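Structure, as structure tokens:
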Amino acid sequence: MMRHDVAIVGGGCVGLSVAKHLAERTDLDVAVLEKEHHLAAHQSGRNSGVLHPGFNYPPDSKKARFATEGTSRMKEYCAEHGVPCDELGVLVVAKDDAEEERLETLAEQAEANGVEYELLRSEAEIHEHEPYAEGQAALYAPEAASVDSQQYVYALASEVRDEGVDVYTGYEVTRVEETADGYHLATSNGHFEVPYLVNAAGLHADELAHQVGVGEQYQVVPFRGEYYEVRPERAELCQTMIYPTPNPELPFLGVHYTRRTDGKVIVGPNAVLAFGREAYDNTDVDLRDLYETLTYEGFRKLLSSKLMVKVAWDELNKSYRKEKFTEASQRLVPDVRAADLQQSYAGIRAQLVSDDGELVKDPLFVEREDAVHILNAVSPGLTSSLPFGEHIAGKLAEKV
Ligand SMILES: Cc1cc2nc3c(=O)[nH]c(=O)nc-3n(C[C@H](O)[C@H](O)[C@H](O)COP(=O)(O)OP(=O)(O)OC[C@H]3O[C@@H](n4cnc5c(N)ncnc54)[C@H](O)[C@@H]3O)c2cc1C
């Protein structure tokens with residue numbers, strides 16, 4: 001039996017950030033239990049790697065505060081720890097009048113959240129930043145950056161280990177039970193007893209929370225996001241980062257272009273229902289996960305909207321038909337051709353859905369006397385990970 005003061009389940013950017021801040025501000029004996037043998041195997045290592053300064057989020061929201069503060073803190077962190085991070089700036093492109101109007105809202109939010117921006121009113125101005133992008137207007141945010149998220153996770157892990165945190169990799173928590181003094185955790189590699197628990201298990205956070213009666217009105221519905229890479233000889237098609245104007249109802253939709261820190265240009269992601277929480281290939285099926293999703297009343301209610309059925313169909317097409325993905329990519333950069341795109345990696349979003357069929361769009365955690373369950377570390381969860389982890393560590397420290 002292994003004993004610690006706190007067990008953090010999940011060694012992604014969120015769990016490790018909680019560990020970092022607990023180690024910095026308390027004397028607690030902290031353990032991180034990670035089921036994979038390598039870190040960053042899921043969301044924290046399979047994303048676009050973009051630091052989003054807070055222009056996308058309403059002023060005074062937690063999302064805005066965490067994203068704005070997270071962007072600047074992460075740049076400092078990366079510089080200090082040798083993690084590749086390039087401040088390239090992002091161009092959010094409007095293709096029609098309705099989108100141009102939404103850019104005004106983004107500009108107001110940027111203003112209120114203290115984010116630098118510039119509105120570009122013509123294609124000529126857009127071309128000064130991105131010669132191949134096409135649109136009638138754009139918002140340029142110079143503080144957005146591209147980061148190597150896997151190296152960031154490893155830097156966090158190495159830092160917390162130096163501060164005395166035990167990071168157990170290859171330890172899958174299979175059962176969580178409440179005891180008189182806290183929690184008993186059964187893992188694939190032995191048992192743990194702890195008075196305090198942080199559940200930061202990403203795609204599996206709801207499953208662990210449900211075992212102790214927390215968050216039962218929610219379920220994670222996994223959405224796969226697939227990327228293509230622009231062939232290196234055509235990488236000039238995107239110099240920095242090119243995004244579509246987001247739809248406030250479905251903010252995670254819309255393929256974008258990102259120049260990664262290794263110089264590769266990736267295009268994506270789409271958002272298609274994954275047939276398993278870790279079904280990274282579009283032929284992977286996990287029957288148990290799929291059954292859970294299809295029988296979940298929240299999912300069925302979500303699909304009862306005509307808009308969602310149309311979106312699901314479009315996204316499915318982009319997954320199975322390259323020409324559809326190419327068409328979506330041409331919306332921002334018309335010169336891109338199917339032959340310029342080669343299939344790359346995929347990530348899976350832990351999209352939290354409520355029993356009434358709503359997509360939960362804000363960060364959500366549930367506190368117990370002796371635990372914090374992070375049910376929705378929603379995008380931009382990578383950008384926000386330092387202030388968000390600090391916030392959760394603060395909540396836990398108050399309980400001890
Ligand atoms: C396609 C995609 C693109 C994105 N792009 C961006 C972006 O550009 N910018 C941005 O800011 N955010 C982005 N995000 C969001 C961001 O990646 C996530 O919000 C963030 O990584 C969440 O981190 P996490 O630590 O909560 O989850 P994870 O990284 O998923 O970590 C959870 C960990 O828990 C472990 N675990 C699960 N169950 C158990 C168990 N039972 N026992 C032990 N360990 C367990 C898992 O193995 C995993 O390592 C994107 C996400 C996706 C999917």
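Numbering starts fresh at 1 for the residues of each chain in the structure tokens, the chains themselves are lettered A, B, ... in the order given, and ligands are numbered from 1 as they appear.
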Gly276 in chain A: which residues within 6 Å, counting only C-alpha atoms, same-chain residues fewer than 4 positions away excluded, as a PDB file with C-alpha atoms, in the first residue's frame?
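Result file follows (around.pdb):
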ATOM      1  CA  VAL A 285     -13.820   1.318 -32.343  1.00  0.00           C
ATOM      2  CA  ASP A 286     -14.135   0.763 -28.600  1.00  0.00           C
ATOM      3  CA  ASP A 289     -17.247   3.537 -25.048  1.00  0.00           C
ATOM      4  CA  LEU A 290     -19.377   3.690 -28.186  1.00  0.00           C
TER       5      LEU A 290
END
6 Å contact set for range 148-155 of chain A, only C-alpha atoms, chain neighbours under 2 positions out, as an NGL selection string: :A and (13 or 40 or 45 or 49 or 83-84 or 157-158)
Save out the residues we just selected, all heavy atoms, as a short mmCIF file (atom, residue, chain, number, x, y, z; two decimals), in the first residue's frame.
data_model
loop_
_atom_site.label_atom_id
_atom_site.label_comp_id
_atom_site.auth_asym_id
_atom_site.auth_seq_id
_atom_site.Cartn_x
_atom_site.Cartn_y
_atom_site.Cartn_z
N CYS A 13 -1.23 18.33 -18.87
CA CYS A 13 -0.76 19.67 -18.48
C CYS A 13 -1.53 20.19 -17.27
O CYS A 13 -0.97 20.93 -16.45
CB CYS A 13 -0.83 20.64 -19.66
SG CYS A 13 -2.47 20.92 -20.34
N ALA A 40 1.94 13.05 -21.97
CA ALA A 40 1.39 13.80 -23.13
C ALA A 40 0.84 12.90 -24.22
O ALA A 40 0.88 13.23 -25.39
CB ALA A 40 2.45 14.76 -23.70
N GLY A 45 -0.84 16.37 -25.49
CA GLY A 45 0.21 16.19 -26.50
C GLY A 45 -0.35 16.06 -27.91
O GLY A 45 0.40 15.88 -28.86
N GLY A 49 -1.42 23.18 -30.30
CA GLY A 49 -0.25 23.82 -29.71
C GLY A 49 -0.27 25.34 -29.83
O GLY A 49 0.78 25.97 -29.97
N VAL A 83 11.59 25.33 -23.48
CA VAL A 83 10.54 24.69 -24.29
C VAL A 83 10.31 25.55 -25.54
O VAL A 83 10.10 26.76 -25.42
CB VAL A 83 9.21 24.60 -23.47
CG1 VAL A 83 8.09 24.03 -24.33
CG2 VAL A 83 9.42 23.77 -22.22
N PRO A 84 10.32 24.94 -26.75
CA PRO A 84 10.11 25.75 -27.96
C PRO A 84 8.77 26.48 -27.94
O PRO A 84 7.73 25.87 -27.68
CB PRO A 84 10.15 24.71 -29.08
CG PRO A 84 10.90 23.55 -28.52
CD PRO A 84 10.60 23.54 -27.05
N ALA A 157 6.79 17.96 -15.71
CA ALA A 157 7.03 16.73 -14.94
C ALA A 157 8.42 16.75 -14.32
O ALA A 157 8.60 16.39 -13.15
CB ALA A 157 6.87 15.52 -15.85
N SER A 158 9.39 17.22 -15.09
CA SER A 158 10.75 17.23 -14.55
C SER A 158 10.85 18.24 -13.41
O SER A 158 11.48 17.97 -12.37
CB SER A 158 11.69 17.51 -15.72
OG SER A 158 12.74 18.28 -15.35
#
Residues within 7 Å of ligand 1, counting only C-alpha atoms and all ligand atoms, as a VMD selection string: chain A and resid 9 to 15 33 to 36 39 to 52 171 to 174 200 to 205 208 224 to 226 269 346 to 349 377 to 384
Within 8 Å of range 60-64 of chain A, counting only C-alpha atoms, which residues show up once you throw out same-chain ones fewer than 4 positions away? Write them as a short mmCIF file (atom, residue, chain, number, x, y, z; two decimals) with N, CA and C atoms, in the first residue's frame, please.
data_model
loop_
_atom_site.label_atom_id
_atom_site.label_comp_id
_atom_site.auth_asym_id
_atom_site.auth_seq_id
_atom_site.Cartn_x
_atom_site.Cartn_y
_atom_site.Cartn_z
N GLY A 54 -6.67 36.09 -24.72
CA GLY A 54 -8.11 35.97 -24.48
C GLY A 54 -9.10 36.77 -25.31
N PHE A 55 -8.87 36.99 -26.60
CA PHE A 55 -9.85 37.79 -27.35
C PHE A 55 -11.14 37.02 -27.68
N ASN A 56 -11.09 35.69 -27.56
CA ASN A 56 -12.26 34.89 -27.91
C ASN A 56 -13.30 34.79 -26.80
N THR A 68 -5.72 34.77 -20.99
CA THR A 68 -4.83 35.93 -21.14
C THR A 68 -3.61 35.78 -20.24
N ASN A 113 -10.14 42.70 -22.36
CA ASN A 113 -9.29 41.71 -21.68
C ASN A 113 -7.80 42.09 -21.73
N ASP A 362 -17.63 25.99 -20.61
CA ASP A 362 -16.73 26.65 -19.66
C ASP A 362 -15.98 25.61 -18.83
N PRO A 363 -14.84 26.03 -18.26
CA PRO A 363 -14.14 25.11 -17.37
C PRO A 363 -15.07 24.72 -16.22
N SER A 384 -4.35 27.78 -20.75
CA SER A 384 -4.77 28.19 -19.42
C SER A 384 -4.12 27.38 -18.31
#
Running DSSP on the backbone, which parts of range 138-267 of chain A land in helix (DSSP H, G or I), as a ChimeraX atom specification? /A:149-162,202-211,232-237
Interatomic distance between CA of Leu119 in chain A and CA of Gly89 in chain A? 13.2 Å
Enumerate as a ChimeraX atom specification all residues of range 162-325 of chain A assigned to strand (DSSP E or B) by DSSP on the backbone, naming them with the chain letters and numbers the document uses. /A:166-169,173-179,182-187,190-194,196-199,218-230,241-244,256-259,265-268,272-273
Quick one: everything within 6 Å of Ile8 in chain A, counting only C-alpha atoms, minus sequence neighbours fewer than 4 positions away in the same chain. Send it as a PyMOL selection string. chain A and resi 32+198-199
Residue with smallest distance to Ala235 in chain A - pool A:Tyr218, A:Phe275, A:Tyr257, A:Tyr117, counting only C-alpha atoms: A:Tyr257
Neighbours of Asp97 in chain A within 9 Å (only C-alpha atoms; same-chain residues fewer than 4 positions away dropped), as a PDB file with N, CA and C atoms, in the first residue's frame?
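Written out: around19.pdb:
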ATOM      1  N   GLU A 101     -18.725  41.365 -38.772  1.00  0.00           N
ATOM      2  CA  GLU A 101     -19.383  41.946 -37.598  1.00  0.00           C
ATOM      3  C   GLU A 101     -18.922  41.247 -36.322  1.00  0.00           C
ATOM      4  N   ARG A 102     -18.765  39.922 -36.411  1.00  0.00           N
ATOM      5  CA  ARG A 102     -18.312  39.183 -35.221  1.00  0.00           C
ATOM      6  C   ARG A 102     -16.881  39.562 -34.840  1.00  0.00           C
ATOM      7  N   GLN A 136     -12.321  39.187 -46.261  1.00  0.00           N
ATOM      8  CA  GLN A 136     -12.610  40.617 -46.466  1.00  0.00           C
ATOM      9  C   GLN A 136     -12.121  41.476 -45.304  1.00  0.00           C
TER      10      GLN A 136
END
May I ask which of the residues A:Pro222, A:Gly254, A:Pro142, A:Gly135 is the closest one to Glu118 in chain A, counting only C-alpha atoms?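 Of A:Pro222, A:Gly254, A:Pro142, A:Gly135, the one nearest Glu118 in chain A, counting only C-alpha atoms, is A:Pro142.
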Residues within 10 Å of Val90 in chain A, please, as a PDB file with all heavy atoms, in the first residue's frame. Count only C-alpha atoms; anything in the same chain fewer than 4 positions from it doesn't count.
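Output (part-v7.pdb):
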ATOM      1  N   VAL A  50      -1.463  25.921 -29.744  1.00  0.00           N
ATOM      2  CA  VAL A  50      -1.557  27.382 -29.899  1.00  0.00           C
ATOM      3  C   VAL A  50      -1.886  28.035 -28.550  1.00  0.00           C
ATOM      4  O   VAL A  50      -2.790  27.588 -27.852  1.00  0.00           O
ATOM      5  CB  VAL A  50      -2.654  27.746 -30.933  1.00  0.00           C
ATOM      6  CG1 VAL A  50      -2.828  29.252 -31.035  1.00  0.00           C
ATOM      7  CG2 VAL A  50      -2.284  27.166 -32.296  1.00  0.00           C
ATOM      8  N   LEU A  51      -1.132  29.070 -28.220  1.00  0.00           N
ATOM      9  CA  LEU A  51      -1.465  29.876 -27.035  1.00  0.00           C
ATOM     10  C   LEU A  51      -2.416  30.961 -27.496  1.00  0.00           C
ATOM     11  O   LEU A  51      -2.057  31.797 -28.335  1.00  0.00           O
ATOM     12  CB  LEU A  51      -0.206  30.483 -26.427  1.00  0.00           C
ATOM     13  CG  LEU A  51       0.846  29.490 -25.935  1.00  0.00           C
ATOM     14  CD1 LEU A  51       1.967  30.226 -25.204  1.00  0.00           C
ATOM     15  CD2 LEU A  51       0.229  28.433 -25.024  1.00  0.00           C
ATOM     16  N   HIS A  52      -3.632  30.915 -26.964  1.00  0.00           N
ATOM     17  CA  HIS A  52      -4.684  31.838 -27.391  1.00  0.00           C
ATOM     18  C   HIS A  52      -4.815  32.968 -26.376  1.00  0.00           C
ATOM     19  O   HIS A  52      -5.373  32.742 -25.299  1.00  0.00           O
ATOM     20  CB  HIS A  52      -6.043  31.111 -27.421  1.00  0.00           C
ATOM     21  CG  HIS A  52      -6.126  30.015 -28.433  1.00  0.00           C
ATOM     22  ND1 HIS A  52      -6.354  30.264 -29.761  1.00  0.00           N
ATOM     23  CD2 HIS A  52      -6.045  28.660 -28.314  1.00  0.00           C
ATOM     24  CE1 HIS A  52      -6.405  29.105 -30.416  1.00  0.00           C
ATOM     25  NE2 HIS A  52      -6.213  28.131 -29.569  1.00  0.00           N
ATOM     26  N   PRO A  53      -4.348  34.169 -26.706  1.00  0.00           N
ATOM     27  CA  PRO A  53      -4.626  35.271 -25.779  1.00  0.00           C
ATOM     28  C   PRO A  53      -6.137  35.486 -25.777  1.00  0.00           C
ATOM     29  O   PRO A  53      -6.815  35.102 -26.727  1.00  0.00           O
ATOM     30  CB  PRO A  53      -3.882  36.456 -26.395  1.00  0.00           C
ATOM     31  CG  PRO A  53      -3.632  36.102 -27.805  1.00  0.00           C
ATOM     32  CD  PRO A  53      -3.689  34.600 -27.939  1.00  0.00           C
ATOM     33  N   TYR A 117      -4.373  43.892 -30.318  1.00  0.00           N
ATOM     34  CA  TYR A 117      -4.993  43.457 -31.578  1.00  0.00           C
ATOM     35  C   TYR A 117      -4.953  44.599 -32.577  1.00  0.00           C
ATOM     36  O   TYR A 117      -4.731  45.764 -32.221  1.00  0.00           O
ATOM     37  CB  TYR A 117      -6.459  43.042 -31.350  1.00  0.00           C
ATOM     38  CG  TYR A 117      -7.367  44.226 -31.084  1.00  0.00           C
ATOM     39  CD1 TYR A 117      -8.121  44.795 -32.121  1.00  0.00           C
ATOM     40  CD2 TYR A 117      -7.442  44.801 -29.822  1.00  0.00           C
ATOM     41  CE1 TYR A 117      -8.926  45.895 -31.887  1.00  0.00           C
ATOM     42  CE2 TYR A 117      -8.245  45.902 -29.582  1.00  0.00           C
ATOM     43  CZ  TYR A 117      -8.987  46.440 -30.615  1.00  0.00           C
ATOM     44  OH  TYR A 117      -9.764  47.542 -30.381  1.00  0.00           O
ATOM     45  N   HIS A 129       0.414  40.189 -43.858  1.00  0.00           N
ATOM     46  CA  HIS A 129       0.728  39.166 -42.844  1.00  0.00           C
ATOM     47  C   HIS A 129       0.784  37.775 -43.452  1.00  0.00           C
ATOM     48  O   HIS A 129       1.669  36.987 -43.137  1.00  0.00           O
ATOM     49  CB  HIS A 129      -0.342  39.174 -41.736  1.00  0.00           C
ATOM     50  CG  HIS A 129      -0.310  40.415 -40.912  1.00  0.00           C
ATOM     51  ND1 HIS A 129       0.510  40.549 -39.822  1.00  0.00           N
ATOM     52  CD2 HIS A 129      -0.993  41.575 -41.024  1.00  0.00           C
ATOM     53  CE1 HIS A 129       0.338  41.742 -39.289  1.00  0.00           C
ATOM     54  NE2 HIS A 129      -0.573  42.387 -39.997  1.00  0.00           N
ATOM     55  N   GLU A 130      -0.213  37.467 -44.269  1.00  0.00           N
ATOM     56  CA  GLU A 130      -0.340  36.115 -44.826  1.00  0.00           C
ATOM     57  C   GLU A 130      -0.672  36.242 -46.311  1.00  0.00           C
ATOM     58  O   GLU A 130      -1.841  36.392 -46.693  1.00  0.00           O
ATOM     59  CB  GLU A 130      -1.458  35.341 -44.094  1.00  0.00           C
ATOM     60  CG  GLU A 130      -1.092  34.875 -42.703  1.00  0.00           C
ATOM     61  CD  GLU A 130      -0.046  33.748 -42.687  1.00  0.00           C
ATOM     62  OE1 GLU A 130       0.245  33.173 -43.747  1.00  0.00           O
ATOM     63  OE2 GLU A 130       0.481  33.479 -41.599  1.00  0.00           O
ATOM     64  N   ALA A 138      -9.884  41.032 -41.141  1.00  0.00           N
ATOM     65  CA  ALA A 138      -9.259  40.089 -40.195  1.00  0.00           C
ATOM     66  C   ALA A 138      -8.915  40.806 -38.911  1.00  0.00           C
ATOM     67  O   ALA A 138      -8.758  42.035 -38.887  1.00  0.00           O
ATOM     68  CB  ALA A 138      -8.003  39.477 -40.802  1.00  0.00           C
ATOM     69  N   LEU A 139      -8.833  40.015 -37.853  1.00  0.00           N
ATOM     70  CA  LEU A 139      -8.296  40.545 -36.598  1.00  0.00           C
ATOM     71  C   LEU A 139      -6.923  39.907 -36.435  1.00  0.00           C
ATOM     72  O   LEU A 139      -6.782  38.683 -36.562  1.00  0.00           O
ATOM     73  CB  LEU A 139      -9.208  40.159 -35.430  1.00  0.00           C
ATOM     74  CG  LEU A 139      -8.719  40.629 -34.054  1.00  0.00           C
ATOM     75  CD1 LEU A 139      -9.884  41.243 -33.271  1.00  0.00           C
ATOM     76  CD2 LEU A 139      -8.131  39.485 -33.232  1.00  0.00           C
ATOM     77  N   TYR A 140      -5.942  40.757 -36.205  1.00  0.00           N
ATOM     78  CA  TYR A 140      -4.580  40.255 -36.008  1.00  0.00           C
ATOM     79  C   TYR A 140      -4.235  40.396 -34.526  1.00  0.00           C
ATOM     80  O   TYR A 140      -4.362  41.479 -33.950  1.00  0.00           O
ATOM     81  CB  TYR A 140      -3.616  41.071 -36.879  1.00  0.00           C
ATOM     82  CG  TYR A 140      -2.161  40.772 -36.602  1.00  0.00           C
ATOM     83  CD1 TYR A 140      -1.650  39.491 -36.807  1.00  0.00           C
ATOM     84  CD2 TYR A 140      -1.300  41.767 -36.143  1.00  0.00           C
ATOM     85  CE1 TYR A 140      -0.319  39.207 -36.535  1.00  0.00           C
ATOM     86  CE2 TYR A 140       0.037  41.496 -35.887  1.00  0.00           C
ATOM     87  CZ  TYR A 140       0.519  40.213 -36.078  1.00  0.00           C
ATOM     88  OH  TYR A 140       1.818  39.935 -35.808  1.00  0.00           O
ATOM     89  N   ALA A 141      -3.851  39.281 -33.903  1.00  0.00           N
ATOM     90  CA  ALA A 141      -3.476  39.310 -32.474  1.00  0.00           C
ATOM     91  C   ALA A 141      -2.028  38.852 -32.357  1.00  0.00           C
ATOM     92  O   ALA A 141      -1.737  37.651 -32.471  1.00  0.00           O
ATOM     93  CB  ALA A 141      -4.395  38.401 -31.673  1.00  0.00           C
ATOM     94  N   PRO A 142      -1.103  39.812 -32.182  1.00  0.00           N
ATOM     95  CA  PRO A 142       0.324  39.458 -32.242  1.00  0.00           C
ATOM     96  C   PRO A 142       0.821  38.598 -31.089  1.00  0.00           C
ATOM     97  O   PRO A 142       1.869  37.969 -31.203  1.00  0.00           O
ATOM     98  CB  PRO A 142       1.014  40.834 -32.215  1.00  0.00           C
ATOM     99  CG  PRO A 142       0.026  41.776 -31.622  1.00  0.00           C
ATOM    100  CD  PRO A 142      -1.330  41.250 -31.970  1.00  0.00           C
ATOM    101  N   GLU A 143       0.058  38.540 -29.974  1.00  0.00           N
ATOM    102  CA  GLU A 143       0.572  37.792 -28.811  1.00  0.00           C
ATOM    103  C   GLU A 143       0.362  36.282 -28.912  1.00  0.00           C
ATOM    104  O   GLU A 143       0.917  35.524 -28.102  1.00  0.00           O
ATOM    105  CB  GLU A 143      -0.090  38.290 -27.523  1.00  0.00           C
ATOM    106  CG  GLU A 143       0.330  39.695 -27.146  1.00  0.00           C
ATOM    107  CD  GLU A 143      -0.673  40.334 -26.209  1.00  0.00           C
ATOM    108  OE1 GLU A 143      -1.841  40.510 -26.616  1.00  0.00           O
ATOM    109  OE2 GLU A 143      -0.306  40.656 -25.072  1.00  0.00           O
ATOM    110  N   ALA A 144      -0.478  35.830 -29.860  1.00  0.00           N
ATOM    111  CA  ALA A 144      -0.704  34.380 -29.980  1.00  0.00           C
ATOM    112  C   ALA A 144       0.621  33.693 -30.319  1.00  0.00           C
ATOM    113  O   ALA A 144       1.459  34.253 -31.019  1.00  0.00           O
ATOM    114  CB  ALA A 144      -1.731  34.103 -31.065  1.00  0.00           C
ATOM    115  N   ALA A 145       0.778  32.479 -29.802  1.00  0.00           N
ATOM    116  CA  ALA A 145       2.067  31.807 -29.990  1.00  0.00           C
ATOM    117  C   ALA A 145       1.861  30.328 -30.272  1.00  0.00           C
ATOM    118  O   ALA A 145       0.805  29.763 -29.985  1.00  0.00           O
ATOM    119  CB  ALA A 145       2.922  31.986 -28.741  1.00  0.00           C
ATOM    120  N   SER A 146       2.896  29.744 -30.838  1.00  0.00           N
ATOM    121  CA  SER A 146       2.892  28.318 -31.140  1.00  0.00           C
ATOM    122  C   SER A 146       3.875  27.659 -30.177  1.00  0.00           C
ATOM    123  O   SER A 146       4.998  28.134 -30.010  1.00  0.00           O
ATOM    124  CB  SER A 146       3.353  28.156 -32.590  1.00  0.00           C
ATOM    125  OG  SER A 146       3.402  26.823 -32.952  1.00  0.00           O
ATOM    126  N   GLN A 239       2.442  31.415 -42.985  1.00  0.00           N
ATOM    127  CA  GLN A 239       3.661  31.868 -42.303  1.00  0.00           C
ATOM    128  C   GLN A 239       3.504  31.791 -40.789  1.00  0.00           C
ATOM    129  O   GLN A 239       4.458  31.612 -40.063  1.00  0.00           O
ATOM    130  CB  GLN A 239       3.966  33.346 -42.634  1.00  0.00           C
ATOM    131  CG  GLN A 239       3.821  33.721 -44.093  1.00  0.00           C
ATOM    132  CD  GLN A 239       4.947  33.126 -44.917  1.00  0.00           C
ATOM    133  OE1 GLN A 239       6.069  33.033 -44.451  1.00  0.00           O
ATOM    134  NE2 GLN A 239       4.635  32.708 -46.122  1.00  0.00           N
ATOM    135  N   THR A 240       2.269  31.995 -40.319  1.00  0.00           N
ATOM    136  CA  THR A 240       2.055  32.111 -38.864  1.00  0.00           C
ATOM    137  C   THR A 240       0.888  31.208 -38.467  1.00  0.00           C
ATOM    138  O   THR A 240       1.006  30.006 -38.514  1.00  0.00           O
ATOM    139  CB  THR A 240       1.775  33.585 -38.486  1.00  0.00           C
ATOM    140  OG1 THR A 240       0.622  34.044 -39.213  1.00  0.00           O
ATOM    141  CG2 THR A 240       2.952  34.467 -38.783  1.00  0.00           C
ATOM    142  N   MET A 241      -0.265  31.826 -38.132  1.00  0.00           N
ATOM    143  CA  MET A 241      -1.455  31.041 -37.803  1.00  0.00           C
ATOM    144  C   MET A 241      -2.666  31.743 -38.407  1.00  0.00           C
ATOM    145  O   MET A 241      -2.820  32.950 -38.252  1.00  0.00           O
ATOM    146  CB  MET A 241      -1.590  30.926 -36.296  1.00  0.00           C
ATOM    147  CG  MET A 241      -0.476  30.032 -35.772  1.00  0.00           C
ATOM    148  SD  MET A 241      -0.367  29.815 -34.048  1.00  0.00           S
ATOM    149  CE  MET A 241      -0.033  31.361 -33.386  1.00  0.00           C
ATOM    150  N   ILE A 242      -3.491  30.958 -39.102  1.00  0.00           N
ATOM    151  CA  ILE A 242      -4.663  31.530 -39.770  1.00  0.00           C
ATOM    152  C   ILE A 242      -5.894  30.791 -39.260  1.00  0.00           C
ATOM    153  O   ILE A 242      -5.992  29.561 -39.393  1.00  0.00           O
ATOM    154  CB  ILE A 242      -4.573  31.368 -41.311  1.00  0.00           C
ATOM    155  CG1 ILE A 242      -3.198  31.820 -41.824  1.00  0.00           C
ATOM    156  CG2 ILE A 242      -5.694  32.131 -41.992  1.00  0.00           C
ATOM    157  CD1 ILE A 242      -2.949  31.473 -43.294  1.00  0.00           C
ATOM    158  N   TYR A 243      -6.813  31.537 -38.657  1.00  0.00           N
ATOM    159  CA  TYR A 243      -8.027  30.942 -38.066  1.00  0.00           C
ATOM    160  C   TYR A 243      -9.265  31.506 -38.741  1.00  0.00           C
ATOM    161  O   TYR A 243      -9.276  32.659 -39.160  1.00  0.00           O
ATOM    162  CB  TYR A 243      -8.115  31.294 -36.563  1.00  0.00           C
ATOM    163  CG  TYR A 243      -7.415  30.307 -35.668  1.00  0.00           C
ATOM    164  CD1 TYR A 243      -6.047  30.103 -35.748  1.00  0.00           C
ATOM    165  CD2 TYR A 243      -8.144  29.568 -34.731  1.00  0.00           C
ATOM    166  CE1 TYR A 243      -5.415  29.198 -34.922  1.00  0.00           C
ATOM    167  CE2 TYR A 243      -7.515  28.660 -33.898  1.00  0.00           C
ATOM    168  CZ  TYR A 243      -6.150  28.472 -33.995  1.00  0.00           C
ATOM    169  OH  TYR A 243      -5.528  27.568 -33.184  1.00  0.00           O
ATOM    170  N   TYR A 257      -4.991  26.938 -39.723  1.00  0.00           N
ATOM    171  CA  TYR A 257      -3.602  26.653 -40.111  1.00  0.00           C
ATOM    172  C   TYR A 257      -2.695  27.091 -38.962  1.00  0.00           C
ATOM    173  O   TYR A 257      -2.840  28.188 -38.430  1.00  0.00           O
ATOM    174  CB  TYR A 257      -3.209  27.470 -41.352  1.00  0.00           C
ATOM    175  CG  TYR A 257      -3.874  27.007 -42.627  1.00  0.00           C
ATOM    176  CD1 TYR A 257      -5.238  27.196 -42.834  1.00  0.00           C
ATOM    177  CD2 TYR A 257      -3.131  26.395 -43.642  1.00  0.00           C
ATOM    178  CE1 TYR A 257      -5.845  26.767 -44.000  1.00  0.00           C
ATOM    179  CE2 TYR A 257      -3.740  25.968 -44.812  1.00  0.00           C
ATOM    180  CZ  TYR A 257      -5.097  26.158 -44.987  1.00  0.00           C
ATOM    181  OH  TYR A 257      -5.700  25.729 -46.142  1.00  0.00           O
ATOM    182  N   THR A 258      -1.759  26.208 -38.623  1.00  0.00           N
ATOM    183  CA  THR A 258      -0.811  26.543 -37.555  1.00  0.00           C
ATOM    184  C   THR A 258       0.598  26.203 -38.002  1.00  0.00           C
ATOM    185  O   THR A 258       0.846  25.075 -38.464  1.00  0.00           O
ATOM    186  CB  THR A 258      -1.103  25.697 -36.283  1.00  0.00           C
ATOM    187  OG1 THR A 258      -2.449  25.894 -35.904  1.00  0.00           O
ATOM    188  CG2 THR A 258      -0.196  26.108 -35.132  1.00  0.00           C
TER     189      THR A 258
END
Please list as an NGL selection string every residue within 12 Å of range 396-398 of chain A, counting only C-alpha atoms and excluding residues in the same chain fewer than 6 positions away. :A and (5-8 or 18-19 or 21-28 or 30 or 195-199 or 365-374 or 389-390)
Could you produce a table of the residues of range 118-179 of chain A lying within 6 Å of range 318-336 of chain A, with the nearest pair of atoms per residue and their separation in Å rounded to one decimal, using only C-alpha atoms, ordered by chain and increasing residue number, as a tab-separated table?
residue	atom	partner	partner_atom	distance
A:Tyr132	CA	A:Val333	CA	5.7
A:Ala133	CA	A:Val333	CA	4.7
A:Glu134	CA	A:Leu332	CA	5.6
Using only C-alpha atoms, can you tell me which of A:Lys75, A:Lys361, A:Lys20, A:His38 comes closest to Glu249 in chain A?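 Checking each of A:Lys75, A:Lys361, A:Lys20, A:His38 against Glu249 in chain A, counting only C-alpha atoms, the winner is A:Lys361.
For the set A:Leu250, A:Ala312, A:Ala350, A:Val214, the residue with the smallest atom-to-atom gap to Val176 in chain A is A:Val214, counting only C-alpha atoms.
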